[in-house]
file run11.pdb (PDB, C-alpha atoms (C1' of nucleotides))
ATOM      1  CA  MET P   3      10.154   7.869   7.031
ATOM      2  CA  GLN P   4       6.787   9.550   6.510
ATOM      3  CA  ASP P   5       4.679  12.091   8.341
ATOM      4  CA  ASN P   6       2.413  11.185  11.219
ATOM      5  CA  VAL P   7      -0.917  11.487   9.462
ATOM      6  CA  THR P   8       0.327   9.310   6.623
ATOM      7  CA  LYS P   9       1.554   6.660   9.063
ATOM      8  CA  ILE P  10      -1.772   6.639  10.871
ATOM      9  CA  LEU P  11      -3.876   6.599   7.701
ATOM     10  CA  LYS P  12      -1.753   3.843   6.173
ATOM     11  CA  ALA P  13      -2.098   1.851   9.398
ATOM     12  CA  ILE P  14      -5.890   2.050   9.444
ATOM     13  CA  SER P  15      -6.310   1.680   5.688
ATOM     14  CA  ASP P  16      -5.782  -2.062   5.992
ATOM     15  CA  PRO P  17      -8.976  -3.919   7.040
ATOM     16  CA  THR P  18      -7.073  -6.582   8.990
ATOM     17  CA  ARG P  19      -5.292  -3.872  10.955
ATOM     18  CA  ARG P  20      -8.560  -2.113  11.648
ATOM     19  CA  GLU P  21      -9.940  -5.400  12.996
ATOM     20  CA  LEU P  22      -6.828  -5.931  15.071
ATOM     21  CA  PHE P  23      -7.046  -2.427  16.455
ATOM     22  CA  HIS P  24     -10.738  -2.809  17.157
ATOM     23  CA  ALA P  25     -10.176  -6.076  19.003
ATOM     24  CA  LEU P  26      -7.630  -4.356  21.236
ATOM     25  CA  VAL P  27      -9.871  -1.361  21.846
ATOM     26  CA  ILE P  28     -12.827  -3.413  22.969
ATOM     27  CA  ALA P  29     -10.591  -5.747  24.965
ATOM     28  CA  ALA P  30      -9.926  -2.677  27.152
ATOM     29  CA  THR P  31      -7.140  -4.616  28.833
ATOM     30  CA  ALA P  32      -3.697  -5.288  27.353
ATOM     31  CA  LEU P  33      -3.381  -8.626  25.561
ATOM     32  CA  PRO P  34      -0.320 -10.790  24.834
ATOM     33  CA  ILE P  35       0.466 -11.248  21.143
ATOM     34  CA  THR P  36      -0.391 -14.941  21.014
ATOM     35  CA  GLN P  37      -3.795 -14.231  22.461
ATOM     36  CA  VAL P  38      -4.406 -11.505  19.896
ATOM     37  CA  SER P  39      -3.246 -13.615  16.985
ATOM     38  CA  ALA P  40      -5.442 -16.520  18.124
ATOM     39  CA  GLN P  41      -8.443 -14.468  17.002
ATOM     40  CA  PHE P  42      -7.120 -14.146  13.461
ATOM     41  CA  ASN P  43      -6.834 -16.537  10.602
ATOM     42  CA  MET P  44      -3.185 -15.747  10.105
ATOM     43  CA  THR P  45       0.192 -16.786  11.472
ATOM     44  CA  ARG P  46       1.452 -15.139  14.637
ATOM     45  CA  GLN P  47       4.310 -13.596  12.656
ATOM     46  CA  GLY P  48       1.852 -12.078  10.234
ATOM     47  CA  VAL P  49      -0.085 -10.547  13.091
ATOM     48  CA  THR P  50       3.138  -9.304  14.661
ATOM     49  CA  LYS P  51       3.950  -7.397  11.471
ATOM     50  CA  HIS P  52       0.585  -5.662  11.576
ATOM     51  CA  LEU P  53       1.034  -4.902  15.261
ATOM     52  CA  LYS P  54       4.373  -3.267  14.476
ATOM     53  CA  THR P  55       2.709  -1.073  11.882
ATOM     54  CA  LEU P  56       0.072  -0.062  14.409
ATOM     55  CA  GLU P  57       2.738   0.549  17.046
ATOM     56  CA  ASN P  58       4.753   2.664  14.618
ATOM     57  CA  ALA P  59       1.655   4.770  14.054
ATOM     58  CA  GLY P  60       1.203   5.129  17.809
ATOM     59  CA  LEU P  61      -2.101   3.266  17.684
ATOM     60  CA  ILE P  62      -1.007   0.592  20.108
ATOM     61  CA  CYS P  63       1.697   0.339  22.714
ATOM     62  CA  ILE P  64       3.451  -2.866  23.585
ATOM     63  CA  GLU P  65       5.156  -3.696  26.832
ATOM     64  CA  THR P  66       7.064  -6.758  27.858
ATOM     65  CA  SER P  67       6.380  -8.739  30.996
ATOM     66  CA  GLY P  68       8.358 -11.936  31.301
ATOM     67  CA  ARG P  69       8.171 -13.838  28.074
ATOM     68  CA  GLU P  70       4.979 -12.117  27.047
ATOM     69  CA  ARG P  71       4.425  -8.833  25.238
ATOM     70  CA  PHE P  72       1.197  -7.066  26.025
ATOM     71  CA  CYS P  73      -0.525  -4.872  23.452
ATOM     72  CA  LYS P  74      -2.834  -2.059  24.346
ATOM     73  CA  ALA P  75      -4.783   0.208  22.024
ATOM     74  CA  GLU P  76      -4.081   3.944  21.957
ATOM     75  CA  THR P  77      -6.875   5.894  20.344
ATOM     76  CA  LYS P  78      -5.453   9.392  20.806
ATOM     77  CA  PRO P  79      -3.494   9.481  17.536
ATOM     78  CA  LEU P  80      -6.796   9.193  15.691
ATOM     79  CA  GLN P  81      -7.323  12.787  16.711
ATOM     80  CA  GLU P  82      -4.840  13.706  13.977
ATOM     81  CA  VAL P  83      -7.088  12.088  11.400
ATOM     82  CA  LYS P  84     -10.047  13.956  12.788
ATOM     83  CA  ASP P  85      -8.069  17.188  12.568
ATOM     84  CA  TRP P  86      -7.186  16.453   8.958
ATOM     85  CA  LEU P  87     -10.844  15.793   8.201
ATOM     86  CA  SER P  88     -12.062  18.914   9.933
ATOM     87  CA  PHE P  89     -10.841  21.189   7.156
ATOM     88  CA  TYR P  90     -12.919  19.342   4.574
ATOM     89  CA  GLU P  91     -15.924  18.943   6.797
ATOM     90  CA  GLN P  92     -17.090  22.471   6.056
ATOM     91  CA  PHE P  93     -17.521  21.485   2.413
ATOM     92  CA  TRP P  94     -19.794  18.524   3.007
ATOM     93  CA  ASP P  95     -21.736  19.770   5.996
ATOM     94  CA  THR P  96     -24.993  21.079   4.579
ATOM     95  CA  LYS P  97     -26.075  22.460   7.931
ATOM     96  CA  LEU P  98     -23.033  24.689   7.813
ATOM     97  CA  ASP P  99     -23.962  25.700   4.294
ATOM     98  CA  GLN P 100     -27.394  26.638   5.519
ATOM     99  CA  LEU P 101     -25.879  28.526   8.446
ATOM    100  CA  GLY P 102     -23.644  30.359   5.991
ATOM    101  CA  ALA P 103     -26.617  31.274   3.851
ATOM    102  CA  PHE P 104     -28.513  32.372   6.956
ATOM    103  CA  LEU P 105     -25.668  34.586   8.115
ATOM    104  CA  ASP P 106     -25.277  36.051   4.637
ATOM    105  CA  GLN P 107     -28.928  36.908   4.674
ATOM    106  CA  LYS P 108     -28.698  38.539   8.101
ATOM    107  CA  GLY P 109     -25.404  40.340   7.572
TER     108      GLY P 109
ATOM    109  CA  MET Z  19     -12.869  -5.151  -4.666
ATOM    110  CA  GLN Z  20     -12.807  -3.759  -1.152
ATOM    111  CA  ASP Z  21     -15.250  -2.008   1.134
ATOM    112  CA  ASN Z  22     -15.938   1.693   0.901
ATOM    113  CA  VAL Z  23     -14.095   2.800   4.023
ATOM    114  CA  THR Z  24     -11.030   0.870   2.941
ATOM    115  CA  LYS Z  25     -11.125   2.445  -0.517
ATOM    116  CA  ILE Z  26     -11.428   5.922   0.960
ATOM    117  CA  LEU Z  27      -8.729   5.394   3.593
ATOM    118  CA  LYS Z  28      -6.354   3.874   1.049
ATOM    119  CA  ALA Z  29      -7.013   6.817  -1.259
ATOM    120  CA  ILE Z  30      -6.178   9.434   1.359
ATOM    121  CA  SER Z  31      -3.322   7.482   2.920
ATOM    122  CA  ASP Z  32      -1.065   8.524   0.071
ATOM    123  CA  PRO Z  33       0.415  12.019   0.602
ATOM    124  CA  THR Z  34       0.465  12.813  -3.114
ATOM    125  CA  ARG Z  35      -3.205  11.934  -3.369
ATOM    126  CA  ARG Z  36      -4.013  14.083  -0.345
ATOM    127  CA  GLU Z  37      -2.224  16.987  -2.054
ATOM    128  CA  LEU Z  38      -4.082  16.312  -5.290
ATOM    129  CA  PHE Z  39      -7.389  16.182  -3.469
ATOM    130  CA  HIS Z  40      -6.588  19.342  -1.530
ATOM    131  CA  ALA Z  41      -5.671  21.201  -4.706
ATOM    132  CA  LEU Z  42      -9.032  20.286  -6.201
ATOM    133  CA  VAL Z  43     -10.929  21.225  -3.053
ATOM    134  CA  ILE Z  44      -9.439  24.688  -2.823
ATOM    135  CA  ALA Z  45      -9.730  25.175  -6.581
ATOM    136  CA  ALA Z  46     -13.498  25.063  -5.959
ATOM    137  CA  THR Z  47     -13.982  24.844  -9.714
ATOM    138  CA  ALA Z  48     -13.460  21.729 -11.845
ATOM    139  CA  LEU Z  49     -10.024  21.490 -13.454
ATOM    140  CA  PRO Z  50      -8.869  19.626 -16.557
ATOM    141  CA  ILE Z  51      -6.322  16.888 -15.898
ATOM    142  CA  THR Z  52      -3.410  18.623 -17.603
ATOM    143  CA  GLN Z  53      -3.951  21.680 -15.467
ATOM    144  CA  VAL Z  54      -4.007  19.555 -12.318
ATOM    145  CA  SER Z  55      -0.914  17.586 -13.267
ATOM    146  CA  ALA Z  56       0.960  20.783 -14.080
ATOM    147  CA  GLN Z  57       1.081  21.500 -10.329
ATOM    148  CA  PHE Z  58       2.838  18.202  -9.609
ATOM    149  CA  ASN Z  59       6.333  16.975 -10.173
ATOM    150  CA  MET Z  60       5.140  13.850 -11.913
ATOM    151  CA  THR Z  61       4.082  12.738 -15.366
ATOM    152  CA  ARG Z  62       0.498  13.355 -16.433
ATOM    153  CA  GLN Z  63      -0.082   9.600 -16.590
ATOM    154  CA  GLY Z  64       1.111   9.236 -13.018
ATOM    155  CA  VAL Z  65      -1.317  11.911 -11.888
ATOM    156  CA  THR Z  66      -4.098  10.255 -13.888
ATOM    157  CA  LYS Z  67      -3.554   7.014 -11.965
ATOM    158  CA  HIS Z  68      -3.927   8.847  -8.667
ATOM    159  CA  LEU Z  69      -7.012  10.628  -9.942
ATOM    160  CA  LYS Z  70      -8.541   7.260 -10.835
ATOM    161  CA  THR Z  71      -7.918   6.030  -7.309
ATOM    162  CA  LEU Z  72      -9.586   9.135  -5.920
ATOM    163  CA  GLU Z  73     -12.479   8.754  -8.351
ATOM    164  CA  ASN Z  74     -12.894   5.096  -7.405
ATOM    165  CA  ALA Z  75     -13.154   6.186  -3.769
ATOM    166  CA  GLY Z  76     -15.756   8.761  -4.735
ATOM    167  CA  LEU Z  77     -13.490  11.614  -3.667
ATOM    168  CA  ILE Z  78     -13.518  13.288  -7.047
ATOM    169  CA  CYS Z  79     -15.785  13.143 -10.045
ATOM    170  CA  ILE Z  80     -14.599  13.573 -13.588
ATOM    171  CA  GLU Z  81     -16.622  14.703 -16.537
ATOM    172  CA  THR Z  82     -15.668  15.050 -20.136
ATOM    173  CA  SER Z  83     -16.184  18.184 -22.169
ATOM    174  CA  GLY Z  84     -14.705  18.090 -25.632
ATOM    175  CA  ARG Z  85     -11.168  16.803 -25.436
ATOM    176  CA  GLU Z  86     -10.831  17.803 -21.812
ATOM    177  CA  ARG Z  87     -11.793  15.950 -18.657
ATOM    178  CA  PHE Z  88     -12.679  18.099 -15.692
ATOM    179  CA  CYS Z  89     -12.046  16.915 -12.136
ATOM    180  CA  LYS Z  90     -13.991  18.157  -9.169
ATOM    181  CA  ALA Z  91     -13.514  17.269  -5.516
ATOM    182  CA  GLU Z  92     -16.280  15.502  -3.607
ATOM    183  CA  THR Z  93     -15.818  15.761   0.139
ATOM    184  CA  LYS Z  94     -18.935  13.878   1.226
ATOM    185  CA  PRO Z  95     -17.368  10.402   1.253
ATOM    186  CA  LEU Z  96     -15.064  11.632   4.012
ATOM    187  CA  GLN Z  97     -18.101  11.441   6.230
ATOM    188  CA  GLU Z  98     -17.588   7.679   6.255
ATOM    189  CA  VAL Z  99     -14.150   8.134   7.748
ATOM    190  CA  LYS Z 100     -15.589  10.456  10.348
ATOM    191  CA  ASP Z 101     -18.214   7.859  11.168
ATOM    192  CA  TRP Z 102     -15.540   5.191  11.539
ATOM    193  CA  LEU Z 103     -13.587   7.487  13.860
ATOM    194  CA  SER Z 104     -16.603   8.385  15.965
ATOM    195  CA  PHE Z 105     -16.667   5.030  17.708
ATOM    196  CA  TYR Z 106     -13.099   5.449  18.944
ATOM    197  CA  GLU Z 107     -13.490   9.077  19.826
ATOM    198  CA  GLN Z 108     -15.090   8.223  23.160
ATOM    199  CA  PHE Z 109     -11.874   6.495  24.214
ATOM    200  CA  TRP Z 110      -9.542   9.385  23.594
ATOM    201  CA  ASP Z 111     -11.751  12.150  24.810
ATOM    202  CA  THR Z 112     -10.489  12.866  28.317
ATOM    203  CA  LYS Z 113     -13.502  14.990  29.104
ATOM    204  CA  LEU Z 114     -15.563  11.874  28.637
ATOM    205  CA  ASP Z 115     -13.168   9.944  30.872
ATOM    206  CA  GLN Z 116     -13.608  12.544  33.529
ATOM    207  CA  LEU Z 117     -17.345  12.375  33.120
ATOM    208  CA  GLY Z 118     -17.139   8.603  33.505
ATOM    209  CA  ALA Z 119     -15.102   8.939  36.671
ATOM    210  CA  PHE Z 120     -17.547  11.537  37.957
ATOM    211  CA  LEU Z 121     -20.516   9.285  37.311
ATOM    212  CA  ASP Z 122     -18.753   6.315  38.929
ATOM    213  CA  GLN Z 123     -18.146   8.437  42.007
ATOM    214  CA  LYS Z 124     -21.775   9.541  42.154
ATOM    215  CA  GLY Z 125     -23.291   6.160  41.386
TER     216      GLY Z 125
ATOM    217  C1'  DC B  18      16.628 -29.814  34.797
ATOM    218  C1'  DT B  19      13.731 -30.296  30.974
ATOM    219  C1'  DA B  20       9.864 -29.444  28.210
ATOM    220  C1'  DA B  21       6.598 -26.308  26.708
ATOM    221  C1'  DT B  22       5.403 -21.659  25.661
ATOM    222  C1'  DA B  23       5.938 -16.718  23.884
ATOM    223  C1'  DA B  24       8.200 -14.377  21.006
ATOM    224  C1'  DG B  25      11.776 -12.223  17.566
ATOM    225  C1'  DC B  26      14.338 -12.346  13.403
ATOM    226  C1'  DA B  27      15.585 -13.285   8.635
ATOM    227  C1'  DA B  28      14.653 -14.987   4.243
ATOM    228  C1'  DC B  29      11.584 -15.602   1.049
ATOM    229  C1'  DC B  30       7.291 -14.999  -2.036
ATOM    230  C1'  DA B  31       3.376 -13.087  -4.510
ATOM    231  C1'  DA B  32       0.621  -9.383  -5.399
ATOM    232  C1'  DA B  33      -0.222  -4.556  -5.419
ATOM    233  C1'  DA B  34       1.200   0.143  -5.841
ATOM    234  C1'  DA B  35       3.705   4.095  -7.663
ATOM    235  C1'  DG B  36       5.572   5.641 -11.376
ATOM    236  C1'  DT B  37       7.635   5.600 -16.013
ATOM    237  C1'  DT B  38       7.877   5.483 -21.399
ATOM    238  C1'  DG B  39       5.791   4.968 -25.796
ATOM    239  C1'  DC B  40       2.077   5.114 -28.727
ATOM    240  C1'  DA B  41      -2.749   5.753 -30.428
ATOM    241  C1'  DT B  42      -6.839   8.671 -30.716
ATOM    242  C1'  DA B  43      -9.986  12.447 -30.550
ATOM    243  C1'  DT B  44     -10.792  17.291 -30.508
ATOM    244  C1'  DT B  45      -9.718  21.920 -31.503
ATOM    245  C1'  DA B  46      -7.096  25.922 -33.484
ATOM    246  C1'  DA B  47      -4.646  27.965 -37.375
TER     247       DA B  47
ATOM    248  C1'  DT X  16      -6.514  20.166 -43.643
ATOM    249  C1'  DT X  17      -2.799  20.096 -40.799
ATOM    250  C1'  DA X  18      -0.698  20.840 -36.478
ATOM    251  C1'  DA X  19      -1.151  21.142 -31.733
ATOM    252  C1'  DT X  20      -3.403  19.749 -27.570
ATOM    253  C1'  DA X  21      -5.772  16.634 -24.117
ATOM    254  C1'  DT X  22      -6.176  12.393 -23.127
ATOM    255  C1'  DG X  23      -6.315   7.087 -22.641
ATOM    256  C1'  DC X  24      -4.192   2.681 -22.757
ATOM    257  C1'  DA X  25      -0.679  -0.900 -22.372
ATOM    258  C1'  DA X  26       3.683  -2.543 -21.061
ATOM    259  C1'  DC X  27       7.271  -2.337 -18.022
ATOM    260  C1'  DT X  28      10.187  -1.373 -13.618
ATOM    261  C1'  DT X  29      10.894  -0.731  -8.804
ATOM    262  C1'  DT X  30       9.326  -0.623  -4.228
ATOM    263  C1'  DT X  31       6.168  -1.698  -0.795
ATOM    264  C1'  DT X  32       3.076  -4.678   1.380
ATOM    265  C1'  DG X  33       0.885  -8.696   3.261
ATOM    266  C1'  DG X  34       1.914 -12.925   4.322
ATOM    267  C1'  DT X  35       4.566 -17.297   4.829
ATOM    268  C1'  DT X  36       8.190 -20.818   6.695
ATOM    269  C1'  DG X  37      12.066 -21.997   9.485
ATOM    270  C1'  DC X  38      14.999 -21.243  13.128
ATOM    271  C1'  DT X  39      16.737 -19.168  17.539
ATOM    272  C1'  DT X  40      16.184 -17.388  22.153
ATOM    273  C1'  DA X  41      14.166 -16.388  26.587
ATOM    274  C1'  DT X  42      11.004 -17.447  30.155
ATOM    275  C1'  DT X  43       8.165 -20.321  32.803
ATOM    276  C1'  DA X  44       5.861 -24.716  34.449
ATOM    277  C1'  DG X  45       6.377 -29.606  35.839
TER     278       DG X  45
END

call {"tool": "encode", "arguments": {"input": "run11.pdb", "output": "structure tokens"}}
result
Amino acid sequence: MQDNVTKILKAISDPTRRELFHALVIAATALPITQVSAQFNMTRQGVTKHLKTLENAGLICIETSGRERFCKAETKPLQEVKDWLSFYEQFWDTKLDQLGAFLDQKG
Amino acid sequence: MQDNVTKILKAISDPTRRELFHALVIAATALPITQVSAQFNMTRQGVTKHLKTLENAGLICIETSGRERFCKAETKPLQEVKDWLSFYEQFWDTKLDQLGAFLDQKG
DNA sequence: CTAATAAGCAACCAAAAAGTTGCATATTAA
DNA sequence: TTAATATGCAACTTTTTGGTTGCTTATTAG
């Protein structure tokens, strides 16, 4: 389909999905889909679609117990976004610029 | 339209746009549109659309000189993404988990 | 056993996105 | 001044996305 970073970025680029993800992160505990969707002004099926996108990006994991499916946030994949950012960080970080200038001066 | 973080995330969630942005970052100097689009297997107009999306997210700035329009990367807005990530970072950082466990044990 | 609950799946819809072609316009080079 | 170059704009197509409704199925509670 598409690479990991793209999947993750696409997943978090939607505000509703960011809210959904956030709700699951702060819930700390795994929540059944109906309970998650109750917090959103949207049909359960709509929420389910978003949850699938998040799951596909590895940002949540879902496990079944009886007739319920519990969703739990997984923050680790966000590390990939941080890694992607890290390359560009050097260009915006003025402190680093100053350090560079300092080292140039010294060296 | 949409909030800043959403605009930025949407902009970088497209692989072509990430490539475009990267090309401009490593170019260091501002490049005219035709020169940018020459590096991509896409029409100039297609590239222009992507550049507009990046510009709208603040990730590039474009200035006109004669008949040419020069594009330059702006990495600073990525700070907003980093800020968004920072909240979730505590949850994936195992060192922090271990610290938490350590403190629980002590306390 | 039966009714209520939790959920999936498929079809559909509207809007947005990714890209194209065609054409007009301004600037610059010959 | 004429031709070439750099670009924008508008219209159009295809795919993706965000969301819905309707229906089926499995589990659980009375």

call {"tool": "residues_near_point", "arguments": {"input": "run11.pdb", "point": "(17.0, -20.8, 17.7)", "cutoff": "12 Å", "atoms": "only C-alpha atoms (C1' of nucleotides)", "output": "list in words"}}
result
DA24, DG25, DC26 and DA27 of chain B; DG37, DC38, DT39, DT40 and DA41 of chain X

call {"tool": "resolve_selection", "arguments": {"input": "run11.pdb", "expression": "the PyMOL selection byres ((chain Z) within 9 of (chain X))", "output": "NGL selection string"}}
result
:Z and (50-52 or 85-87)

call {"tool": "write_last_selection", "arguments": {"input": "run11.pdb", "atoms": "C-alpha atoms", "output": "mmCIF file, in the coordinates of the input"}}
result
data_model
loop_
_atom_site.group_PDB
_atom_site.id
_atom_site.type_symbol
_atom_site.label_atom_id
_atom_site.label_comp_id
_atom_site.auth_asym_id
_atom_site.auth_seq_id
_atom_site.Cartn_x
_atom_site.Cartn_y
_atom_site.Cartn_z
ATOM 1 C CA PRO Z 50 -8.869 19.626 -16.557
ATOM 2 C CA ILE Z 51 -6.322 16.888 -15.898
ATOM 3 C CA THR Z 52 -3.410 18.623 -17.603
ATOM 4 C CA ARG Z 85 -11.168 16.803 -25.436
ATOM 5 C CA GLU Z 86 -10.831 17.803 -21.812
ATOM 6 C CA ARG Z 87 -11.793 15.950 -18.657
#

call {"tool": "resolve_selection", "arguments": {"input": "run11.pdb", "expression": "the PyMOL selection byres ((chain Z and resi 64-81) around 8)", "output": "PyMOL selection string"}}
result
(chain Z and resi 22+25-26+29+35+38-39+51+55+58+60-63+82-83+87-96) or (chain B and resi 35-36)

call {"tool": "atom_distance", "arguments": {"input": "run11.pdb", "atom1": "atom C1' of B:DA32", "atom2": "atom CA of Z:His40"}}
result
29.9 Å

call {"tool": "atom_distance", "arguments": {"input": "run11.pdb", "atom1": "atom CA of Z:Glu98", "atom2": "atom CA of P:Leu33"}}
result
29.0 Å

call {"tool": "resolve_selection", "arguments": {"input": "run11.pdb", "expression": "the PyMOL selection byres ((chain Z) within 10 of (chain P))", "output": "count of residues only"}}
result
37

call {"tool": "closest_atom_pairs", "arguments": {"input": "run11.pdb", "of": "chain B", "to": "chain Z", "cutoff": "12 Å", "atoms": "all atoms listed in the file", "output": "Markdown table"}}
result
| residue | atom | partner | partner_atom | distance |
| --- | --- | --- | --- | --- |
| B:DA34 | C1' | Z:Lys67 | CA | 10.4 |
| B:DA35 | C1' | Z:Gly64 | CA | 7.9 |
| B:DG36 | C1' | Z:Gly64 | CA | 6.0 |
| B:DT37 | C1' | Z:Thr61 | CA | 8.0 |
| B:DT38 | C1' | Z:Gln63 | CA | 10.2 |
| B:DG39 | C1' | Z:Gln63 | CA | 11.9 |
| B:DT42 | C1' | Z:Arg85 | CA | 10.6 |
| B:DA43 | C1' | Z:Arg85 | CA | 6.8 |
| B:DT44 | C1' | Z:Arg85 | CA | 5.1 |
| B:DT45 | C1' | Z:Arg85 | CA | 8.1 |

call {"tool": "atom_distance", "arguments": {"input": "run11.pdb", "atom1": "atom CA of P:Val38", "atom2": "atom C1' of B:DA28"}}
result
24.9 Å

call {"tool": "axis_aligned_box", "arguments": {"input": "run11.pdb", "around": "stretch 99-111 of chain Z", "padding_each_side": "8 Å", "output": "JSON"}}
result
{"center_x": -13.9, "center_y": 8.6, "center_z": 16.3, "size_x": 24.7, "size_y": 23.1, "size_z": 33.1}
